[in-house]
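Here's the structure we're looking at; comments come further down.
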Amino acid sequence: MRDKGLLAHEITHAKQFLCHGFLIHSILTGLFRKYRLWAEATAYAEQWQVDKIETQKEDFIDRLWLFYKLHYSREYIKKYFLQKLET
């Protein structure tokens with residue numbers, strides 16, 4: 001299956017929903033950029049752990065920076081994401 005990494009990403013979000021409750025998770029994701037960064041960076045880190053494609057790191061960092069309305073610098077997001085990969 002080619003999409004094992006994507007599946008790991010989505011399972012991570014499902015676990016986040018279950019852990020915090022769908023409504024709470026949705027509110028936190030919508031209102032708090034730090035929580036949104038945590039949730040997405042965690043999911044992308046899980047995806048990378050499955051695929052282990054080195055070029056994906058920069059792609060995931062760009063996605064976090066461009067598409068999630070985080071309003072953090074790319075360098076901050078890169079540092080945060082790379083720390084997630086170490087944990």
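Labeling convention for the structure tokens: chains A, B, ... as they appear, residues from 1 per chain, ligands from 1 in order of appearance.
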Range 56-86 of chain A residues near range 19-35 of chain A within 8 Å, closest pair each, using only C-alpha atoms, as a Markdown table:
```
| residue | atom | partner | partner_atom | distance |
| --- | --- | --- | --- | --- |
| A:Lys69 | CA | A:Arg33 | CA | 7.5 |
| A:Leu70 | CA | A:Arg33 | CA | 5.3 |
| A:His71 | CA | A:Arg33 | CA | 7.9 |
```
Exercise for review: May I have the residues within 12 Å of Ala43 in chain A as a ChimeraX atom specification, using only C-alpha atoms and disregarding those fewer than 4 positions away in the same chain?
Suggested key: /A:5-16,36-39,47-50,60,64,81,84-85
Write a file of the just-selected residues containing N, CA and C atoms, as a JSON list (two decimals), in the first residue's frame.
```json
[["chain", "number", "residue", "atom", "x", "y", "z"],
["A", 5, "GLY", "N", 1.90, 6.07, 4.90],
["A", 5, "GLY", "CA", 2.26, 7.29, 5.61],
["A", 5, "GLY", "C", 1.07, 8.20, 5.81],
["A", 6, "LEU", "N", 0.29, 8.40, 4.76],
["A", 6, "LEU", "CA", -0.91, 9.24, 4.86],
["A", 6, "LEU", "C", -1.90, 8.64, 5.85],
["A", 7, "LEU", "N", -2.04, 7.33, 5.84],
["A", 7, "LEU", "CA", -2.92, 6.66, 6.79],
["A", 7, "LEU", "C", -2.44, 6.91, 8.23],
["A", 8, "ALA", "N", -1.13, 6.84, 8.45],
["A", 8, "ALA", "CA", -0.58, 7.12, 9.78],
["A", 8, "ALA", "C", -0.89, 8.56, 10.20],
["A", 9, "HIS", "N", -0.81, 9.50, 9.25],
["A", 9, "HIS", "CA", -1.14, 10.91, 9.50],
["A", 9, "HIS", "C", -2.59, 11.03, 9.97],
["A", 10, "GLU", "N", -3.49, 10.41, 9.25],
["A", 10, "GLU", "CA", -4.92, 10.52, 9.58],
["A", 10, "GLU", "C", -5.26, 9.77, 10.87],
["A", 11, "ILE", "N", -4.62, 8.65, 11.13],
["A", 11, "ILE", "CA", -4.84, 7.93, 12.39],
["A", 11, "ILE", "C", -4.39, 8.79, 13.56],
["A", 12, "THR", "N", -3.31, 9.53, 13.38],
["A", 12, "THR", "CA", -2.85, 10.44, 14.43],
["A", 12, "THR", "C", -3.92, 11.48, 14.74],
["A", 13, "HIS", "N", -4.55, 12.04, 13.70],
["A", 13, "HIS", "CA", -5.64, 13.00, 13.94],
["A", 13, "HIS", "C", -6.82, 12.31, 14.63],
["A", 14, "ALA", "N", -7.12, 11.08, 14.26],
["A", 14, "ALA", "CA", -8.22, 10.36, 14.92],
["A", 14, "ALA", "C", -7.92, 10.17, 16.40],
["A", 15, "LYS", "N", -6.68, 9.86, 16.73],
["A", 15, "LYS", "CA", -6.29, 9.71, 18.14],
["A", 15, "LYS", "C", -6.41, 11.04, 18.88],
["A", 16, "GLN", "N", -6.06, 12.13, 18.20],
["A", 16, "GLN", "CA", -6.20, 13.45, 18.80],
["A", 16, "GLN", "C", -7.67, 13.76, 19.09],
["A", 36, "ARG", "N", -2.78, 24.04, 16.81],
["A", 36, "ARG", "CA", -2.86, 23.63, 15.41],
["A", 36, "ARG", "C", -1.49, 23.17, 14.92],
["A", 37, "LEU", "N", -0.44, 23.90, 15.28],
["A", 37, "LEU", "CA", 0.91, 23.50, 14.91],
["A", 37, "LEU", "C", 1.25, 22.16, 15.53],
["A", 38, "TRP", "N", 0.95, 22.00, 16.82],
["A", 38, "TRP", "CA", 1.22, 20.72, 17.50],
["A", 38, "TRP", "C", 0.49, 19.57, 16.80],
["A", 39, "ALA", "N", -0.80, 19.74, 16.53],
["A", 39, "ALA", "CA", -1.61, 18.67, 15.94],
["A", 39, "ALA", "C", -1.09, 18.29, 14.55],
["A", 47, "GLN", "N", 3.62, 10.55, 9.80],
["A", 47, "GLN", "CA", 3.65, 10.20, 8.38],
["A", 47, "GLN", "C", 5.09, 10.00, 7.92],
["A", 48, "TRP", "N", 5.97, 10.88, 8.33],
["A", 48, "TRP", "CA", 7.36, 10.76, 7.90],
["A", 48, "TRP", "C", 8.01, 9.51, 8.49],
["A", 49, "GLN", "N", 7.67, 9.17, 9.73],
["A", 49, "GLN", "CA", 8.24, 7.98, 10.35],
["A", 49, "GLN", "C", 7.91, 6.71, 9.57],
["A", 50, "VAL", "N", 6.77, 6.70, 8.91],
["A", 50, "VAL", "CA", 6.38, 5.53, 8.10],
["A", 50, "VAL", "C", 7.09, 5.55, 6.76],
["A", 60, "PHE", "N", 6.82, 18.84, 4.03],
["A", 60, "PHE", "CA", 5.92, 18.96, 5.18],
["A", 60, "PHE", "C", 6.10, 20.30, 5.88],
["A", 64, "LEU", "N", 3.14, 23.07, 6.38],
["A", 64, "LEU", "CA", 2.81, 23.68, 7.67],
["A", 64, "LEU", "C", 2.89, 25.21, 7.59],
["A", 81, "PHE", "N", 9.17, 21.23, 13.84],
["A", 81, "PHE", "CA", 8.91, 19.96, 13.17],
["A", 81, "PHE", "C", 10.07, 18.99, 13.33],
["A", 84, "LYS", "N", 10.01, 17.40, 16.56],
["A", 84, "LYS", "CA", 8.97, 16.36, 16.62],
["A", 84, "LYS", "C", 9.51, 15.03, 16.08],
["A", 85, "LEU", "N", 10.35, 15.10, 15.06],
["A", 85, "LEU", "CA", 10.90, 13.88, 14.48],
["A", 85, "LEU", "C", 11.84, 13.16, 15.45]]
```
Practice item. Can you work out the spacing between CA of Tyr44 in chain A and CA of Asp62 in chain A in Å, to one decimal? Key: 11.4 Å
Please extract the residues of chain A with a backbone DSSP assignment of alpha helix (DSSP H) and present them as a PDB file with N, CA and C atoms, in the first residue's frame.
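Output (out_22.pdb):
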```
ATOM      1  N   LYS A   4       0.582   4.291   3.196  1.00  0.00           N
ATOM      2  CA  LYS A   4       0.718   3.967   4.618  1.00  0.00           C
ATOM      3  C   LYS A   4       1.060   5.202   5.444  1.00  0.00           C
ATOM      4  N   GLY A   5       1.902   6.066   4.899  1.00  0.00           N
ATOM      5  CA  GLY A   5       2.259   7.288   5.615  1.00  0.00           C
ATOM      6  C   GLY A   5       1.068   8.202   5.812  1.00  0.00           C
ATOM      7  N   LEU A   6       0.288   8.404   4.764  1.00  0.00           N
ATOM      8  CA  LEU A   6      -0.911   9.240   4.862  1.00  0.00           C
ATOM      9  C   LEU A   6      -1.903   8.642   5.854  1.00  0.00           C
ATOM     10  N   LEU A   7      -2.035   7.332   5.836  1.00  0.00           N
ATOM     11  CA  LEU A   7      -2.919   6.664   6.788  1.00  0.00           C
ATOM     12  C   LEU A   7      -2.439   6.912   8.226  1.00  0.00           C
ATOM     13  N   ALA A   8      -1.128   6.842   8.452  1.00  0.00           N
ATOM     14  CA  ALA A   8      -0.577   7.124   9.784  1.00  0.00           C
ATOM     15  C   ALA A   8      -0.887   8.563  10.202  1.00  0.00           C
ATOM     16  N   HIS A   9      -0.807   9.498   9.253  1.00  0.00           N
ATOM     17  CA  HIS A   9      -1.135  10.910   9.498  1.00  0.00           C
ATOM     18  C   HIS A   9      -2.588  11.032   9.972  1.00  0.00           C
ATOM     19  N   GLU A  10      -3.489  10.412   9.251  1.00  0.00           N
ATOM     20  CA  GLU A  10      -4.917  10.521   9.579  1.00  0.00           C
ATOM     21  C   GLU A  10      -5.263   9.772  10.866  1.00  0.00           C
ATOM     22  N   ILE A  11      -4.620   8.652  11.127  1.00  0.00           N
ATOM     23  CA  ILE A  11      -4.843   7.934  12.387  1.00  0.00           C
ATOM     24  C   ILE A  11      -4.391   8.792  13.559  1.00  0.00           C
ATOM     25  N   THR A  12      -3.310   9.531  13.376  1.00  0.00           N
ATOM     26  CA  THR A  12      -2.846  10.443  14.426  1.00  0.00           C
ATOM     27  C   THR A  12      -3.920  11.479  14.739  1.00  0.00           C
ATOM     28  N   HIS A  13      -4.549  12.038  13.700  1.00  0.00           N
ATOM     29  CA  HIS A  13      -5.639  12.995  13.936  1.00  0.00           C
ATOM     30  C   HIS A  13      -6.822  12.312  14.631  1.00  0.00           C
ATOM     31  N   ALA A  14      -7.119  11.085  14.258  1.00  0.00           N
ATOM     32  CA  ALA A  14      -8.219  10.363  14.916  1.00  0.00           C
ATOM     33  C   ALA A  14      -7.922  10.171  16.401  1.00  0.00           C
ATOM     34  N   LYS A  15      -6.683   9.857  16.733  1.00  0.00           N
ATOM     35  CA  LYS A  15      -6.290   9.714  18.137  1.00  0.00           C
ATOM     36  C   LYS A  15      -6.412  11.039  18.875  1.00  0.00           C
ATOM     37  N   GLN A  16      -6.061  12.129  18.197  1.00  0.00           N
ATOM     38  CA  GLN A  16      -6.197  13.453  18.804  1.00  0.00           C
ATOM     39  C   GLN A  16      -7.667  13.758  19.089  1.00  0.00           C
ATOM     40  N   PHE A  17      -8.542  13.419  18.134  1.00  0.00           N
ATOM     41  CA  PHE A  17      -9.981  13.617  18.344  1.00  0.00           C
ATOM     42  C   PHE A  17     -10.446  12.822  19.563  1.00  0.00           C
ATOM     43  N   LEU A  18     -10.029  11.556  19.647  1.00  0.00           N
ATOM     44  CA  LEU A  18     -10.468  10.698  20.746  1.00  0.00           C
ATOM     45  C   LEU A  18      -9.919  11.172  22.087  1.00  0.00           C
ATOM     46  N   CYS A  19      -8.690  11.630  22.087  1.00  0.00           N
ATOM     47  CA  CYS A  19      -8.041  12.066  23.326  1.00  0.00           C
ATOM     48  C   CYS A  19      -8.690  13.334  23.889  1.00  0.00           C
ATOM     49  N   HIS A  20      -8.970  14.277  23.034  1.00  0.00           N
ATOM     50  CA  HIS A  20      -9.488  15.573  23.487  1.00  0.00           C
ATOM     51  C   HIS A  20     -10.987  15.742  23.268  1.00  0.00           C
ATOM     52  N   PHE A  22     -14.004  15.390  20.029  1.00  0.00           N
ATOM     53  CA  PHE A  22     -14.113  16.020  18.715  1.00  0.00           C
ATOM     54  C   PHE A  22     -14.359  17.519  18.832  1.00  0.00           C
ATOM     55  N   LEU A  23     -15.287  17.916  19.679  1.00  0.00           N
ATOM     56  CA  LEU A  23     -15.638  19.336  19.783  1.00  0.00           C
ATOM     57  C   LEU A  23     -14.476  20.157  20.333  1.00  0.00           C
ATOM     58  N   ILE A  24     -13.860  19.682  21.403  1.00  0.00           N
ATOM     59  CA  ILE A  24     -12.741  20.412  22.010  1.00  0.00           C
ATOM     60  C   ILE A  24     -11.584  20.504  21.016  1.00  0.00           C
ATOM     61  N   HIS A  25     -11.258  19.373  20.376  1.00  0.00           N
ATOM     62  CA  HIS A  25     -10.159  19.366  19.402  1.00  0.00           C
ATOM     63  C   HIS A  25     -10.448  20.351  18.262  1.00  0.00           C
ATOM     64  N   SER A  26     -11.663  20.348  17.773  1.00  0.00           N
ATOM     65  CA  SER A  26     -12.030  21.259  16.679  1.00  0.00           C
ATOM     66  C   SER A  26     -11.917  22.719  17.102  1.00  0.00           C
ATOM     67  N   ILE A  27     -12.358  23.022  18.309  1.00  0.00           N
ATOM     68  CA  ILE A  27     -12.269  24.398  18.803  1.00  0.00           C
ATOM     69  C   ILE A  27     -10.813  24.811  18.987  1.00  0.00           C
ATOM     70  N   LEU A  28     -10.023  23.942  19.611  1.00  0.00           N
ATOM     71  CA  LEU A  28      -8.611  24.255  19.830  1.00  0.00           C
ATOM     72  C   LEU A  28      -7.878  24.449  18.510  1.00  0.00           C
ATOM     73  N   THR A  29      -8.161  23.580  17.552  1.00  0.00           N
ATOM     74  CA  THR A  29      -7.510  23.678  16.237  1.00  0.00           C
ATOM     75  C   THR A  29      -7.884  24.986  15.550  1.00  0.00           C
ATOM     76  N   GLY A  30      -9.137  25.367  15.662  1.00  0.00           N
ATOM     77  CA  GLY A  30      -9.596  26.585  15.001  1.00  0.00           C
ATOM     78  C   GLY A  30      -9.116  27.868  15.645  1.00  0.00           C
ATOM     79  N   LEU A  31      -8.956  27.853  16.957  1.00  0.00           N
ATOM     80  CA  LEU A  31      -8.664  29.095  17.672  1.00  0.00           C
ATOM     81  C   LEU A  31      -7.203  29.308  18.043  1.00  0.00           C
ATOM     82  N   ARG A  33      -3.271  28.723  17.315  1.00  0.00           N
ATOM     83  CA  ARG A  33      -2.278  28.320  16.316  1.00  0.00           C
ATOM     84  C   ARG A  33      -1.224  27.394  16.904  1.00  0.00           C
ATOM     85  N   LYS A  34      -0.893  27.531  18.177  1.00  0.00           N
ATOM     86  CA  LYS A  34       0.091  26.649  18.795  1.00  0.00           C
ATOM     87  C   LYS A  34      -0.443  25.211  18.844  1.00  0.00           C
ATOM     88  N   TYR A  35      -1.713  25.072  19.175  1.00  0.00           N
ATOM     89  CA  TYR A  35      -2.344  23.746  19.179  1.00  0.00           C
ATOM     90  C   TYR A  35      -2.415  23.191  17.763  1.00  0.00           C
ATOM     91  N   ARG A  36      -2.776  24.044  16.811  1.00  0.00           N
ATOM     92  CA  ARG A  36      -2.858  23.628  15.410  1.00  0.00           C
ATOM     93  C   ARG A  36      -1.487  23.167  14.916  1.00  0.00           C
ATOM     94  N   LEU A  37      -0.442  23.902  15.278  1.00  0.00           N
ATOM     95  CA  LEU A  37       0.911  23.495  14.906  1.00  0.00           C
ATOM     96  C   LEU A  37       1.250  22.156  15.534  1.00  0.00           C
ATOM     97  N   TRP A  38       0.952  21.997  16.821  1.00  0.00           N
ATOM     98  CA  TRP A  38       1.215  20.722  17.496  1.00  0.00           C
ATOM     99  C   TRP A  38       0.495  19.570  16.803  1.00  0.00           C
ATOM    100  N   ALA A  39      -0.801  19.736  16.533  1.00  0.00           N
ATOM    101  CA  ALA A  39      -1.606  18.673  15.942  1.00  0.00           C
ATOM    102  C   ALA A  39      -1.092  18.290  14.554  1.00  0.00           C
ATOM    103  N   GLU A  40      -0.838  19.275  13.718  1.00  0.00           N
ATOM    104  CA  GLU A  40      -0.396  18.976  12.352  1.00  0.00           C
ATOM    105  C   GLU A  40       1.048  18.491  12.303  1.00  0.00           C
ATOM    106  N   ALA A  41       1.925  19.110  13.083  1.00  0.00           N
ATOM    107  CA  ALA A  41       3.322  18.670  13.087  1.00  0.00           C
ATOM    108  C   ALA A  41       3.427  17.243  13.612  1.00  0.00           C
ATOM    109  N   THR A  42       2.637  16.905  14.610  1.00  0.00           N
ATOM    110  CA  THR A  42       2.627  15.541  15.132  1.00  0.00           C
ATOM    111  C   THR A  42       2.169  14.561  14.058  1.00  0.00           C
ATOM    112  N   ALA A  43       1.118  14.913  13.336  1.00  0.00           N
ATOM    113  CA  ALA A  43       0.607  14.035  12.285  1.00  0.00           C
ATOM    114  C   ALA A  43       1.601  13.892  11.133  1.00  0.00           C
ATOM    115  N   TYR A  44       2.218  14.988  10.723  1.00  0.00           N
ATOM    116  CA  TYR A  44       3.219  14.906   9.658  1.00  0.00           C
ATOM    117  C   TYR A  44       4.454  14.121  10.118  1.00  0.00           C
ATOM    118  N   ALA A  45       4.824  14.252  11.385  1.00  0.00           N
ATOM    119  CA  ALA A  45       5.960  13.489  11.910  1.00  0.00           C
ATOM    120  C   ALA A  45       5.656  11.990  11.873  1.00  0.00           C
ATOM    121  N   GLU A  46       4.446  11.613  12.232  1.00  0.00           N
ATOM    122  CA  GLU A  46       4.046  10.204  12.155  1.00  0.00           C
ATOM    123  C   GLU A  46       4.079   9.719  10.703  1.00  0.00           C
ATOM    124  N   GLN A  47       3.621  10.555   9.797  1.00  0.00           N
ATOM    125  CA  GLN A  47       3.651  10.198   8.377  1.00  0.00           C
ATOM    126  C   GLN A  47       5.087   9.995   7.917  1.00  0.00           C
ATOM    127  N   TRP A  48       5.966  10.883   8.325  1.00  0.00           N
ATOM    128  CA  TRP A  48       7.361  10.763   7.904  1.00  0.00           C
ATOM    129  C   TRP A  48       8.011   9.514   8.494  1.00  0.00           C
ATOM    130  N   GLN A  49       7.667   9.169   9.725  1.00  0.00           N
ATOM    131  CA  GLN A  49       8.243   7.983  10.355  1.00  0.00           C
ATOM    132  C   GLN A  49       7.907   6.713   9.575  1.00  0.00           C
ATOM    133  N   VAL A  50       6.768   6.698   8.913  1.00  0.00           N
ATOM    134  CA  VAL A  50       6.380   5.532   8.100  1.00  0.00           C
ATOM    135  C   VAL A  50       7.092   5.552   6.759  1.00  0.00           C
ATOM    136  N   ASP A  51       7.065   6.676   6.077  1.00  0.00           N
ATOM    137  CA  ASP A  51       7.614   6.757   4.716  1.00  0.00           C
ATOM    138  C   ASP A  51       9.134   6.903   4.695  1.00  0.00           C
ATOM    139  N   GLN A  56      10.638  14.578   1.914  1.00  0.00           N
ATOM    140  CA  GLN A  56       9.338  14.927   2.479  1.00  0.00           C
ATOM    141  C   GLN A  56       9.458  15.917   3.630  1.00  0.00           C
ATOM    142  N   LYS A  57      10.572  15.903   4.322  1.00  0.00           N
ATOM    143  CA  LYS A  57      10.721  16.814   5.459  1.00  0.00           C
ATOM    144  C   LYS A  57      10.475  18.255   5.037  1.00  0.00           C
ATOM    145  N   GLU A  58      11.162  18.692   3.999  1.00  0.00           N
ATOM    146  CA  GLU A  58      11.007  20.082   3.542  1.00  0.00           C
ATOM    147  C   GLU A  58       9.602  20.325   2.995  1.00  0.00           C
ATOM    148  N   ASP A  59       9.031  19.325   2.343  1.00  0.00           N
ATOM    149  CA  ASP A  59       7.662  19.445   1.829  1.00  0.00           C
ATOM    150  C   ASP A  59       6.681  19.628   2.986  1.00  0.00           C
ATOM    151  N   PHE A  60       6.819  18.839   4.029  1.00  0.00           N
ATOM    152  CA  PHE A  60       5.924  18.957   5.183  1.00  0.00           C
ATOM    153  C   PHE A  60       6.102  20.303   5.881  1.00  0.00           C
ATOM    154  N   ILE A  61       7.335  20.753   5.995  1.00  0.00           N
ATOM    155  CA  ILE A  61       7.603  22.059   6.602  1.00  0.00           C
ATOM    156  C   ILE A  61       6.920  23.157   5.785  1.00  0.00           C
ATOM    157  N   ASP A  62       7.050  23.093   4.458  1.00  0.00           N
ATOM    158  CA  ASP A  62       6.388  24.085   3.597  1.00  0.00           C
ATOM    159  C   ASP A  62       4.872  24.032   3.747  1.00  0.00           C
ATOM    160  N   ARG A  63       4.306  22.842   3.819  1.00  0.00           N
ATOM    161  CA  ARG A  63       2.854  22.723   3.999  1.00  0.00           C
ATOM    162  C   ARG A  63       2.414  23.376   5.308  1.00  0.00           C
ATOM    163  N   LEU A  64       3.143  23.073   6.376  1.00  0.00           N
ATOM    164  CA  LEU A  64       2.808  23.683   7.668  1.00  0.00           C
ATOM    165  C   LEU A  64       2.893  25.206   7.593  1.00  0.00           C
ATOM    166  N   TRP A  65       3.921  25.688   6.951  1.00  0.00           N
ATOM    167  CA  TRP A  65       4.161  27.127   6.868  1.00  0.00           C
ATOM    168  C   TRP A  65       3.128  27.839   5.992  1.00  0.00           C
ATOM    169  N   LEU A  66       2.745  27.215   4.885  1.00  0.00           N
ATOM    170  CA  LEU A  66       1.901  27.894   3.897  1.00  0.00           C
ATOM    171  C   LEU A  66       0.399  27.674   4.060  1.00  0.00           C
ATOM    172  N   PHE A  67      -0.024  26.518   4.562  1.00  0.00           N
ATOM    173  CA  PHE A  67      -1.433  26.145   4.447  1.00  0.00           C
ATOM    174  C   PHE A  67      -2.228  26.091   5.746  1.00  0.00           C
ATOM    175  N   ARG A  74       9.007  30.419   8.837  1.00  0.00           N
ATOM    176  CA  ARG A  74       9.331  29.085   8.326  1.00  0.00           C
ATOM    177  C   ARG A  74      10.416  28.444   9.179  1.00  0.00           C
ATOM    178  N   GLU A  75      11.361  29.231   9.644  1.00  0.00           N
ATOM    179  CA  GLU A  75      12.450  28.695  10.474  1.00  0.00           C
ATOM    180  C   GLU A  75      11.923  28.151  11.804  1.00  0.00           C
ATOM    181  N   TYR A  76      10.983  28.853  12.401  1.00  0.00           N
ATOM    182  CA  TYR A  76      10.383  28.386  13.649  1.00  0.00           C
ATOM    183  C   TYR A  76       9.663  27.060  13.421  1.00  0.00           C
ATOM    184  N   ILE A  77       8.887  26.994  12.349  1.00  0.00           N
ATOM    185  CA  ILE A  77       8.150  25.770  12.032  1.00  0.00           C
ATOM    186  C   ILE A  77       9.114  24.625  11.732  1.00  0.00           C
ATOM    187  N   LYS A  78      10.175  24.926  11.001  1.00  0.00           N
ATOM    188  CA  LYS A  78      11.166  23.892  10.685  1.00  0.00           C
ATOM    189  C   LYS A  78      11.790  23.341  11.960  1.00  0.00           C
ATOM    190  N   LYS A  79      12.203  24.219  12.855  1.00  0.00           N
ATOM    191  CA  LYS A  79      12.808  23.784  14.116  1.00  0.00           C
ATOM    192  C   LYS A  79      11.823  22.946  14.920  1.00  0.00           C
ATOM    193  N   TYR A  80      10.584  23.385  15.008  1.00  0.00           N
ATOM    194  CA  TYR A  80       9.547  22.671  15.753  1.00  0.00           C
ATOM    195  C   TYR A  80       9.314  21.288  15.153  1.00  0.00           C
ATOM    196  N   PHE A  81       9.174  21.230  13.840  1.00  0.00           N
ATOM    197  CA  PHE A  81       8.907  19.957  13.168  1.00  0.00           C
ATOM    198  C   PHE A  81      10.074  18.990  13.329  1.00  0.00           C
ATOM    199  N   LEU A  82      11.287  19.464  13.145  1.00  0.00           N
ATOM    200  CA  LEU A  82      12.446  18.585  13.280  1.00  0.00           C
ATOM    201  C   LEU A  82      12.584  18.068  14.712  1.00  0.00           C
ATOM    202  N   GLN A  83      12.192  18.856  15.685  1.00  0.00           N
ATOM    203  CA  GLN A  83      12.184  18.368  17.075  1.00  0.00           C
ATOM    204  C   GLN A  83      11.149  17.269  17.242  1.00  0.00           C
ATOM    205  N   LYS A  84      10.011  17.398  16.561  1.00  0.00           N
ATOM    206  CA  LYS A  84       8.974  16.363  16.620  1.00  0.00           C
ATOM    207  C   LYS A  84       9.514  15.032  16.076  1.00  0.00           C
ATOM    208  N   LEU A  85      10.353  15.100  15.058  1.00  0.00           N
ATOM    209  CA  LEU A  85      10.895  13.878  14.479  1.00  0.00           C
ATOM    210  C   LEU A  85      11.842  13.164  15.449  1.00  0.00           C
ATOM    211  N   GLU A  86      12.413  13.906  16.374  1.00  0.00           N
ATOM    212  CA  GLU A  86      13.350  13.324  17.339  1.00  0.00           C
ATOM    213  C   GLU A  86      12.652  12.682  18.523  1.00  0.00           C
TER     214      GLU A  86
END
```
